[in-house]
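Peer 1: I'd like to ask some things about the structure below.
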Amino acid sequence: MHDEPGPGLHNGEERGATFEDLAAFLQRPEPDGYPVQVVRECVCRSCGGRAFEVAVMADEAARRTCLACRETEFIADSEEYWDDDAEADYCCACLCGGEEFAAAVGFSLREDGDVRWVYVGLRCLACGALGLYEDWKINYGPSAFLLDRA
Ligand SMILES: [Zn+2]
Ligand SMILES: [Zn+2]
């Protein structure tokens with residue numbers, strides 16, 4: 001569980017059509033949350049695809065599967081924390097039932113440029129609903145390399 005505040009966003013109350021919409025959603029200031037300075041779109045490292053199924057482990061990790069080529073890739077440092085035995089329980093689904101998403105990762109940075117917190121935002125490809133599906137703390141450095149692992 002968190003011992004520090006996340007952004008406190010509410011899933012499904014807003015809709016969008018583009019990466020920019022999802023980025024704005026992730027970057028909206030929240031009174032008790034950390035600022036998100038950088039948002040990176042998730043793009044399949046194998047085929048360039050931008051539609052995914054996404055599985056998460058609470059407060060720890062996220063993994064996305066490209067709908068075009070079925071390649072599975074981990075977001076940020078998730079590979080280190082992933083538990084294969086538990087993965088079936090954590091498939092992300094929109095309130096509409098959709099399980100196919102465009103995805104982006106918001107990064108909150110420390111003053112020295114290291115990553116402090118990671119936020120996984122998804123845009124449902126069926127209904128456009130925007131949601132924050134998982135977030136977790138990065139408590140080590142250097143960690144700026146995680147910016148390239150959306
Ligand atoms: Zn792909
Ligand atoms: Zn939906």
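Residues are referred to by chain and number: the chain letter is A, B, ... according to the order shown in the structure tokens, the number counts from 1 in that chain, and ligands are numbered separately from 1 in the order shown.
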Hey, which residues come within 12 Å of ligand 1 if we count only C-alpha atoms and all ligand atoms? Could you give them as a list in words?
Peer 2: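 The distance check yields Cys42, Val43, Cys44, Arg45, Ser46, Cys47, Gly48, Gly49, Arg50, Ala51, Phe52, Glu53, Arg64, Thr65, Cys66, Leu67, Ala68, Cys69, Arg70, Glu71, Thr72 and Glu73 of chain A.
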Peer 1: Can you write out the residues you just picked, keeping C-alpha atoms, as a PDB file, in the first residue's frame?
Peer 2:
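Generated output (selection31.pdb):
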ATOM      1  CA  CYS A  42       3.246   3.467 -24.836  1.00  0.00           C
ATOM      2  CA  VAL A  43       4.415   2.219 -28.215  1.00  0.00           C
ATOM      3  CA  CYS A  44       5.158  -1.432 -28.887  1.00  0.00           C
ATOM      4  CA  ARG A  45       8.930  -1.824 -29.085  1.00  0.00           C
ATOM      5  CA  SER A  46       8.535  -4.622 -31.607  1.00  0.00           C
ATOM      6  CA  CYS A  47       6.004  -3.341 -34.162  1.00  0.00           C
ATOM      7  CA  GLY A  48       5.157   0.238 -33.238  1.00  0.00           C
ATOM      8  CA  GLY A  49       1.607  -0.697 -32.252  1.00  0.00           C
ATOM      9  CA  ARG A  50      -0.346   1.580 -29.922  1.00  0.00           C
ATOM     10  CA  ALA A  51      -3.176  -0.665 -28.744  1.00  0.00           C
ATOM     11  CA  PHE A  52      -2.756  -2.988 -25.799  1.00  0.00           C
ATOM     12  CA  GLU A  53      -4.195  -5.300 -23.255  1.00  0.00           C
ATOM     13  CA  ARG A  64       1.151  -4.580 -21.663  1.00  0.00           C
ATOM     14  CA  THR A  65       0.492  -6.918 -24.565  1.00  0.00           C
ATOM     15  CA  CYS A  66       0.427  -5.454 -28.074  1.00  0.00           C
ATOM     16  CA  LEU A  67      -2.826  -6.263 -29.854  1.00  0.00           C
ATOM     17  CA  ALA A  68      -1.118  -6.209 -33.251  1.00  0.00           C
ATOM     18  CA  CYS A  69       1.845  -8.520 -32.677  1.00  0.00           C
ATOM     19  CA  ARG A  70       1.050  -9.999 -29.211  1.00  0.00           C
ATOM     20  CA  GLU A  71       4.456  -9.033 -27.886  1.00  0.00           C
ATOM     21  CA  THR A  72       4.431  -8.559 -24.120  1.00  0.00           C
ATOM     22  CA  GLU A  73       6.470  -5.763 -22.571  1.00  0.00           C
TER      23      GLU A  73
END
Peer 1: Pick out the residues no farther than 7 Å from ligand 2, counting only C-alpha atoms and all ligand atoms, and list them as number ranges by chain.
Peer 2: A: 94-98, 124-129
Peer 1: Keeping only N, CA and C atoms, write those residues as an mmCIF file, in the first residue's frame.
Peer 2:
data_model
loop_
_atom_site.group_PDB
_atom_site.id
_atom_site.type_symbol
_atom_site.label_atom_id
_atom_site.label_comp_id
_atom_site.auth_asym_id
_atom_site.auth_seq_id
_atom_site.Cartn_x
_atom_site.Cartn_y
_atom_site.Cartn_z
ATOM 1 N N CYS A 94 -12.177 -1.616 -18.614
ATOM 2 C CA CYS A 94 -12.918 -0.363 -18.485
ATOM 3 C C CYS A 94 -14.279 -0.650 -17.855
ATOM 4 N N LEU A 95 -14.916 0.383 -17.357
ATOM 5 C CA LEU A 95 -16.267 0.232 -16.819
ATOM 6 C C LEU A 95 -17.242 -0.274 -17.883
ATOM 7 N N CYS A 96 -16.933 -0.018 -19.161
ATOM 8 C CA CYS A 96 -17.800 -0.464 -20.252
ATOM 9 C C CYS A 96 -17.557 -1.932 -20.593
ATOM 10 N N GLY A 97 -16.544 -2.528 -19.983
ATOM 11 C CA GLY A 97 -16.203 -3.912 -20.294
ATOM 12 C C GLY A 97 -15.060 -4.050 -21.268
ATOM 13 N N GLY A 98 -14.668 -2.949 -21.891
ATOM 14 C CA GLY A 98 -13.573 -2.978 -22.856
ATOM 15 C C GLY A 98 -12.258 -3.338 -22.197
ATOM 16 N N CYS A 124 -9.666 3.832 -22.978
ATOM 17 C CA CYS A 124 -10.426 2.704 -23.539
ATOM 18 C C CYS A 124 -10.680 2.937 -25.016
ATOM 19 N N LEU A 125 -10.326 1.958 -25.833
ATOM 20 C CA LEU A 125 -10.507 2.109 -27.281
ATOM 21 C C LEU A 125 -11.957 1.913 -27.699
ATOM 22 N N ALA A 126 -12.771 1.357 -26.805
ATOM 23 C CA ALA A 126 -14.190 1.161 -27.129
ATOM 24 C C ALA A 126 -15.004 2.416 -26.838
ATOM 25 N N CYS A 127 -14.817 3.023 -25.669
ATOM 26 C CA CYS A 127 -15.682 4.142 -25.264
ATOM 27 C C CYS A 127 -14.927 5.442 -25.007
ATOM 28 N N GLY A 128 -13.599 5.405 -25.000
ATOM 29 C CA GLY A 128 -12.831 6.629 -24.809
ATOM 30 C C GLY A 128 -12.602 7.026 -23.369
ATOM 31 N N ALA A 129 -13.114 6.266 -22.426
ATOM 32 C CA ALA A 129 -12.938 6.626 -21.017
ATOM 33 C C ALA A 129 -11.460 6.640 -20.646
#
Peer 1: Report as a PDB file with N, CA and C atoms, in the first residue's frame: the residues of range 10-148 of chain A with a DSSP assignment of strand (DSSP E or B), based on the backbone of this structure.
Peer 2:
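Result file is states-v1.pdb:
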ATOM      1  N   GLU A  14     -14.174  10.783 -17.360  1.00  0.00           N
ATOM      2  CA  GLU A  14     -13.795  11.646 -18.470  1.00  0.00           C
ATOM      3  C   GLU A  14     -13.465  10.794 -19.675  1.00  0.00           C
ATOM      4  N   ARG A  15     -13.623  11.408 -20.846  1.00  0.00           N
ATOM      5  CA  ARG A  15     -13.335  10.684 -22.059  1.00  0.00           C
ATOM      6  C   ARG A  15     -12.348  11.461 -22.905  1.00  0.00           C
ATOM      7  N   VAL A  38       6.405  14.573 -16.928  1.00  0.00           N
ATOM      8  CA  VAL A  38       6.656  13.918 -18.216  1.00  0.00           C
ATOM      9  C   VAL A  38       5.604  12.838 -18.449  1.00  0.00           C
ATOM     10  N   VAL A  39       5.031  12.821 -19.649  1.00  0.00           N
ATOM     11  CA  VAL A  39       4.139  11.734 -20.032  1.00  0.00           C
ATOM     12  C   VAL A  39       4.660  11.129 -21.326  1.00  0.00           C
ATOM     13  N   ARG A  40       4.793   9.821 -21.343  1.00  0.00           N
ATOM     14  CA  ARG A  40       5.265   9.132 -22.547  1.00  0.00           C
ATOM     15  C   ARG A  40       4.196   8.161 -23.014  1.00  0.00           C
ATOM     16  N   GLU A  41       3.939   8.177 -24.307  1.00  0.00           N
ATOM     17  CA  GLU A  41       2.978   7.245 -24.882  1.00  0.00           C
ATOM     18  C   GLU A  41       3.588   5.849 -24.953  1.00  0.00           C
ATOM     19  N   PHE A  52      -3.265  -1.969 -26.718  1.00  0.00           N
ATOM     20  CA  PHE A  52      -2.756  -2.988 -25.799  1.00  0.00           C
ATOM     21  C   PHE A  52      -3.847  -3.578 -24.914  1.00  0.00           C
ATOM     22  N   GLU A  53      -3.588  -4.785 -24.463  1.00  0.00           N
ATOM     23  CA  GLU A  53      -4.195  -5.300 -23.255  1.00  0.00           C
ATOM     24  C   GLU A  53      -3.196  -5.029 -22.142  1.00  0.00           C
ATOM     25  N   VAL A  54      -3.693  -4.688 -20.964  1.00  0.00           N
ATOM     26  CA  VAL A  54      -2.791  -4.290 -19.882  1.00  0.00           C
ATOM     27  C   VAL A  54      -3.139  -5.075 -18.619  1.00  0.00           C
ATOM     28  N   ALA A  55      -2.110  -5.623 -18.012  1.00  0.00           N
ATOM     29  CA  ALA A  55      -2.274  -6.320 -16.739  1.00  0.00           C
ATOM     30  C   ALA A  55      -1.454  -5.587 -15.692  1.00  0.00           C
ATOM     31  N   VAL A  56      -1.974  -5.524 -14.480  1.00  0.00           N
ATOM     32  CA  VAL A  56      -1.265  -4.801 -13.422  1.00  0.00           C
ATOM     33  C   VAL A  56      -1.215  -5.635 -12.146  1.00  0.00           C
ATOM     34  N   MET A  57      -0.215  -5.314 -11.346  1.00  0.00           N
ATOM     35  CA  MET A  57      -0.152  -5.811  -9.972  1.00  0.00           C
ATOM     36  C   MET A  57      -0.255  -4.591  -9.074  1.00  0.00           C
ATOM     37  N   ALA A  61       3.423  -2.938 -10.418  1.00  0.00           N
ATOM     38  CA  ALA A  61       3.914  -3.270 -11.749  1.00  0.00           C
ATOM     39  C   ALA A  61       2.783  -3.262 -12.775  1.00  0.00           C
ATOM     40  N   ALA A  62       3.181  -3.091 -14.042  1.00  0.00           N
ATOM     41  CA  ALA A  62       2.222  -3.162 -15.140  1.00  0.00           C
ATOM     42  C   ALA A  62       2.906  -3.782 -16.353  1.00  0.00           C
ATOM     43  N   ARG A  63       2.124  -4.565 -17.074  1.00  0.00           N
ATOM     44  CA  ARG A  63       2.632  -5.235 -18.251  1.00  0.00           C
ATOM     45  C   ARG A  63       1.609  -5.074 -19.359  1.00  0.00           C
ATOM     46  N   ARG A  64       2.079  -4.780 -20.555  1.00  0.00           N
ATOM     47  CA  ARG A  64       1.151  -4.580 -21.663  1.00  0.00           C
ATOM     48  C   ARG A  64       1.437  -5.583 -22.770  1.00  0.00           C
ATOM     49  N   THR A  65       0.377  -5.992 -23.446  1.00  0.00           N
ATOM     50  CA  THR A  65       0.492  -6.918 -24.565  1.00  0.00           C
ATOM     51  C   THR A  65      -0.044  -6.234 -25.809  1.00  0.00           C
ATOM     52  N   CYS A  66       0.798  -6.127 -26.824  1.00  0.00           N
ATOM     53  CA  CYS A  66       0.427  -5.454 -28.074  1.00  0.00           C
ATOM     54  C   CYS A  66      -0.661  -6.247 -28.788  1.00  0.00           C
ATOM     55  N   THR A  72       4.672  -9.028 -25.484  1.00  0.00           N
ATOM     56  CA  THR A  72       4.431  -8.559 -24.120  1.00  0.00           C
ATOM     57  C   THR A  72       5.641  -7.788 -23.620  1.00  0.00           C
ATOM     58  N   GLU A  73       5.377  -6.594 -23.077  1.00  0.00           N
ATOM     59  CA  GLU A  73       6.470  -5.763 -22.571  1.00  0.00           C
ATOM     60  C   GLU A  73       6.081  -5.160 -21.222  1.00  0.00           C
ATOM     61  N   PHE A  74       7.092  -4.919 -20.401  1.00  0.00           N
ATOM     62  CA  PHE A  74       6.849  -4.372 -19.073  1.00  0.00           C
ATOM     63  C   PHE A  74       7.014  -2.861 -19.072  1.00  0.00           C
ATOM     64  N   CYS A  91      -6.020  -8.297 -15.106  1.00  0.00           N
ATOM     65  CA  CYS A  91      -6.242  -7.730 -16.430  1.00  0.00           C
ATOM     66  C   CYS A  91      -7.126  -6.483 -16.311  1.00  0.00           C
ATOM     67  N   PHE A 101      -6.816  -0.931 -24.941  1.00  0.00           N
ATOM     68  CA  PHE A 101      -6.501   0.431 -24.539  1.00  0.00           C
ATOM     69  C   PHE A 101      -5.353   1.029 -25.334  1.00  0.00           C
ATOM     70  N   ALA A 102      -5.403   2.374 -25.448  1.00  0.00           N
ATOM     71  CA  ALA A 102      -4.187   3.142 -25.698  1.00  0.00           C
ATOM     72  C   ALA A 102      -3.624   3.472 -24.325  1.00  0.00           C
ATOM     73  N   ALA A 103      -2.300   3.529 -24.218  1.00  0.00           N
ATOM     74  CA  ALA A 103      -1.695   3.644 -22.900  1.00  0.00           C
ATOM     75  C   ALA A 103      -0.617   4.722 -22.877  1.00  0.00           C
ATOM     76  N   ALA A 104      -0.439   5.293 -21.691  1.00  0.00           N
ATOM     77  CA  ALA A 104       0.622   6.274 -21.487  1.00  0.00           C
ATOM     78  C   ALA A 104       1.097   6.165 -20.051  1.00  0.00           C
ATOM     79  N   VAL A 105       2.331   6.608 -19.851  1.00  0.00           N
ATOM     80  CA  VAL A 105       2.902   6.571 -18.510  1.00  0.00           C
ATOM     81  C   VAL A 105       3.280   7.990 -18.109  1.00  0.00           C
ATOM     82  N   GLY A 106       2.783   8.404 -16.950  1.00  0.00           N
ATOM     83  CA  GLY A 106       3.151   9.698 -16.386  1.00  0.00           C
ATOM     84  C   GLY A 106       4.244   9.504 -15.356  1.00  0.00           C
ATOM     85  N   PHE A 107       5.226  10.404 -15.391  1.00  0.00           N
ATOM     86  CA  PHE A 107       6.346  10.301 -14.465  1.00  0.00           C
ATOM     87  C   PHE A 107       6.408  11.563 -13.609  1.00  0.00           C
ATOM     88  N   SER A 108       6.448  11.371 -12.306  1.00  0.00           N
ATOM     89  CA  SER A 108       6.758  12.473 -11.404  1.00  0.00           C
ATOM     90  C   SER A 108       8.241  12.397 -11.090  1.00  0.00           C
ATOM     91  N   LEU A 109       8.925  13.536 -11.254  1.00  0.00           N
ATOM     92  CA  LEU A 109      10.387  13.552 -11.116  1.00  0.00           C
ATOM     93  C   LEU A 109      10.814  14.269  -9.842  1.00  0.00           C
ATOM     94  N   VAL A 115      13.220   9.564 -11.228  1.00  0.00           N
ATOM     95  CA  VAL A 115      11.780   9.323 -11.184  1.00  0.00           C
ATOM     96  C   VAL A 115      11.346   9.041  -9.744  1.00  0.00           C
ATOM     97  N   ARG A 116      10.290   9.714  -9.317  1.00  0.00           N
ATOM     98  CA  ARG A 116       9.770   9.539  -7.963  1.00  0.00           C
ATOM     99  C   ARG A 116       8.551   8.620  -7.954  1.00  0.00           C
ATOM    100  N   TRP A 117       7.715   8.769  -9.016  1.00  0.00           N
ATOM    101  CA  TRP A 117       6.477   8.011  -9.014  1.00  0.00           C
ATOM    102  C   TRP A 117       6.070   7.752 -10.463  1.00  0.00           C
ATOM    103  N   VAL A 118       5.468   6.599 -10.692  1.00  0.00           N
ATOM    104  CA  VAL A 118       5.026   6.208 -12.035  1.00  0.00           C
ATOM    105  C   VAL A 118       3.509   6.040 -12.025  1.00  0.00           C
ATOM    106  N   TYR A 119       2.850   6.587 -13.032  1.00  0.00           N
ATOM    107  CA  TYR A 119       1.393   6.494 -13.160  1.00  0.00           C
ATOM    108  C   TYR A 119       1.040   5.895 -14.510  1.00  0.00           C
ATOM    109  N   VAL A 120       0.248   4.852 -14.503  1.00  0.00           N
ATOM    110  CA  VAL A 120      -0.153   4.208 -15.753  1.00  0.00           C
ATOM    111  C   VAL A 120      -1.578   4.628 -16.102  1.00  0.00           C
ATOM    112  N   GLY A 121      -1.691   5.388 -17.191  1.00  0.00           N
ATOM    113  CA  GLY A 121      -3.002   5.855 -17.646  1.00  0.00           C
ATOM    114  C   GLY A 121      -3.428   5.107 -18.892  1.00  0.00           C
ATOM    115  N   LEU A 122      -4.715   4.786 -18.948  1.00  0.00           N
ATOM    116  CA  LEU A 122      -5.244   4.062 -20.098  1.00  0.00           C
ATOM    117  C   LEU A 122      -6.457   4.791 -20.663  1.00  0.00           C
ATOM    118  N   ARG A 123      -6.572   4.731 -22.011  1.00  0.00           N
ATOM    119  CA  ARG A 123      -7.741   5.256 -22.704  1.00  0.00           C
ATOM    120  C   ARG A 123      -8.445   4.105 -23.398  1.00  0.00           C
ATOM    121  N   CYS A 124      -9.666   3.832 -22.978  1.00  0.00           N
ATOM    122  CA  CYS A 124     -10.426   2.704 -23.539  1.00  0.00           C
ATOM    123  C   CYS A 124     -10.680   2.937 -25.016  1.00  0.00           C
ATOM    124  N   ALA A 129     -13.114   6.266 -22.426  1.00  0.00           N
ATOM    125  CA  ALA A 129     -12.938   6.626 -21.017  1.00  0.00           C
ATOM    126  C   ALA A 129     -11.460   6.640 -20.646  1.00  0.00           C
ATOM    127  N   LEU A 130     -11.087   7.663 -19.870  1.00  0.00           N
ATOM    128  CA  LEU A 130      -9.712   7.800 -19.394  1.00  0.00           C
ATOM    129  C   LEU A 130      -9.644   7.307 -17.965  1.00  0.00           C
ATOM    130  N   GLY A 131      -8.543   6.647 -17.642  1.00  0.00           N
ATOM    131  CA  GLY A 131      -8.422   6.160 -16.275  1.00  0.00           C
ATOM    132  C   GLY A 131      -6.981   6.030 -15.836  1.00  0.00           C
ATOM    133  N   LEU A 132      -6.780   6.200 -14.533  1.00  0.00           N
ATOM    134  CA  LEU A 132      -5.497   5.882 -13.916  1.00  0.00           C
ATOM    135  C   LEU A 132      -5.642   4.486 -13.332  1.00  0.00           C
ATOM    136  N   TYR A 133      -4.903   3.545 -13.881  1.00  0.00           N
ATOM    137  CA  TYR A 133      -5.119   2.144 -13.515  1.00  0.00           C
ATOM    138  C   TYR A 133      -4.124   1.617 -12.493  1.00  0.00           C
ATOM    139  N   GLU A 134      -2.956   2.214 -12.462  1.00  0.00           N
ATOM    140  CA  GLU A 134      -1.997   1.755 -11.458  1.00  0.00           C
ATOM    141  C   GLU A 134      -0.941   2.829 -11.281  1.00  0.00           C
ATOM    142  N   ASP A 135      -0.351   2.873 -10.098  1.00  0.00           N
ATOM    143  CA  ASP A 135       0.772   3.773  -9.874  1.00  0.00           C
ATOM    144  C   ASP A 135       1.627   3.197  -8.772  1.00  0.00           C
ATOM    145  N   TRP A 136       2.909   3.526  -8.837  1.00  0.00           N
ATOM    146  CA  TRP A 136       3.792   3.026  -7.786  1.00  0.00           C
ATOM    147  C   TRP A 136       4.998   3.939  -7.632  1.00  0.00           C
ATOM    148  N   LYS A 137       5.594   3.791  -6.486  1.00  0.00           N
ATOM    149  CA  LYS A 137       6.713   4.631  -6.098  1.00  0.00           C
ATOM    150  C   LYS A 137       8.026   4.040  -6.594  1.00  0.00           C
TER     151      LYS A 137
END
Peer 1: Going by DSSP on the backbone, which bits of range 85-131 of chain A are helix (DSSP H, G or I)? Write them as an mmCIF file with N, CA and C atoms, in the first residue's frame, please.
Peer 2:
data_model
loop_
_atom_site.group_PDB
_atom_site.id
_atom_site.type_symbol
_atom_site.label_atom_id
_atom_site.label_comp_id
_atom_site.auth_asym_id
_atom_site.auth_seq_id
_atom_site.Cartn_x
_atom_site.Cartn_y
_atom_site.Cartn_z
ATOM 1 N N ASP A 85 2.654 -16.027 -11.400
ATOM 2 C CA ASP A 85 1.584 -16.851 -10.846
ATOM 3 C C ASP A 85 0.306 -16.057 -10.620
ATOM 4 N N ALA A 86 0.445 -14.747 -10.441
ATOM 5 C CA ALA A 86 -0.716 -13.931 -10.087
ATOM 6 C C ALA A 86 -1.297 -13.181 -11.278
ATOM 7 N N GLU A 87 -0.658 -13.237 -12.431
ATOM 8 C CA GLU A 87 -1.009 -12.307 -13.492
ATOM 9 C C GLU A 87 -2.453 -12.411 -13.978
ATOM 10 N N ALA A 88 -3.013 -13.583 -13.929
ATOM 11 C CA ALA A 88 -4.358 -13.748 -14.485
ATOM 12 C C ALA A 88 -5.392 -12.907 -13.751
ATOM 13 N N ASP A 89 -5.095 -12.493 -12.556
ATOM 14 C CA ASP A 89 -6.078 -11.758 -11.768
ATOM 15 C C ASP A 89 -6.112 -10.272 -12.058
ATOM 16 N N TYR A 90 -5.198 -9.791 -12.860
ATOM 17 C CA TYR A 90 -5.002 -8.348 -12.889
ATOM 18 C C TYR A 90 -5.204 -7.712 -14.253
#
Peer 1: Could you tell me how far CA of Gly141 in chain A lies from CA of Gly33 in chain A, in Å and to one decimal?
Peer 2: 20.8 Å
Peer 1: Write out as an MDAnalysis selection string which residues come within 7 Å of Ser143 in chain A when counting only C-alpha atoms, dropping same-chain ones fewer than 3 positions away.
Peer 2: chainID A and resid 114:115 140 146
Peer 1: May I ask for the distance between CA of Phe145 in chain A and CA of Ala93 in chain A, given in Å to one decimal place?
Peer 2: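 Interatomic distance, CA of Phe145 in chain A to CA of Ala93 in chain A: 28.8 Å.
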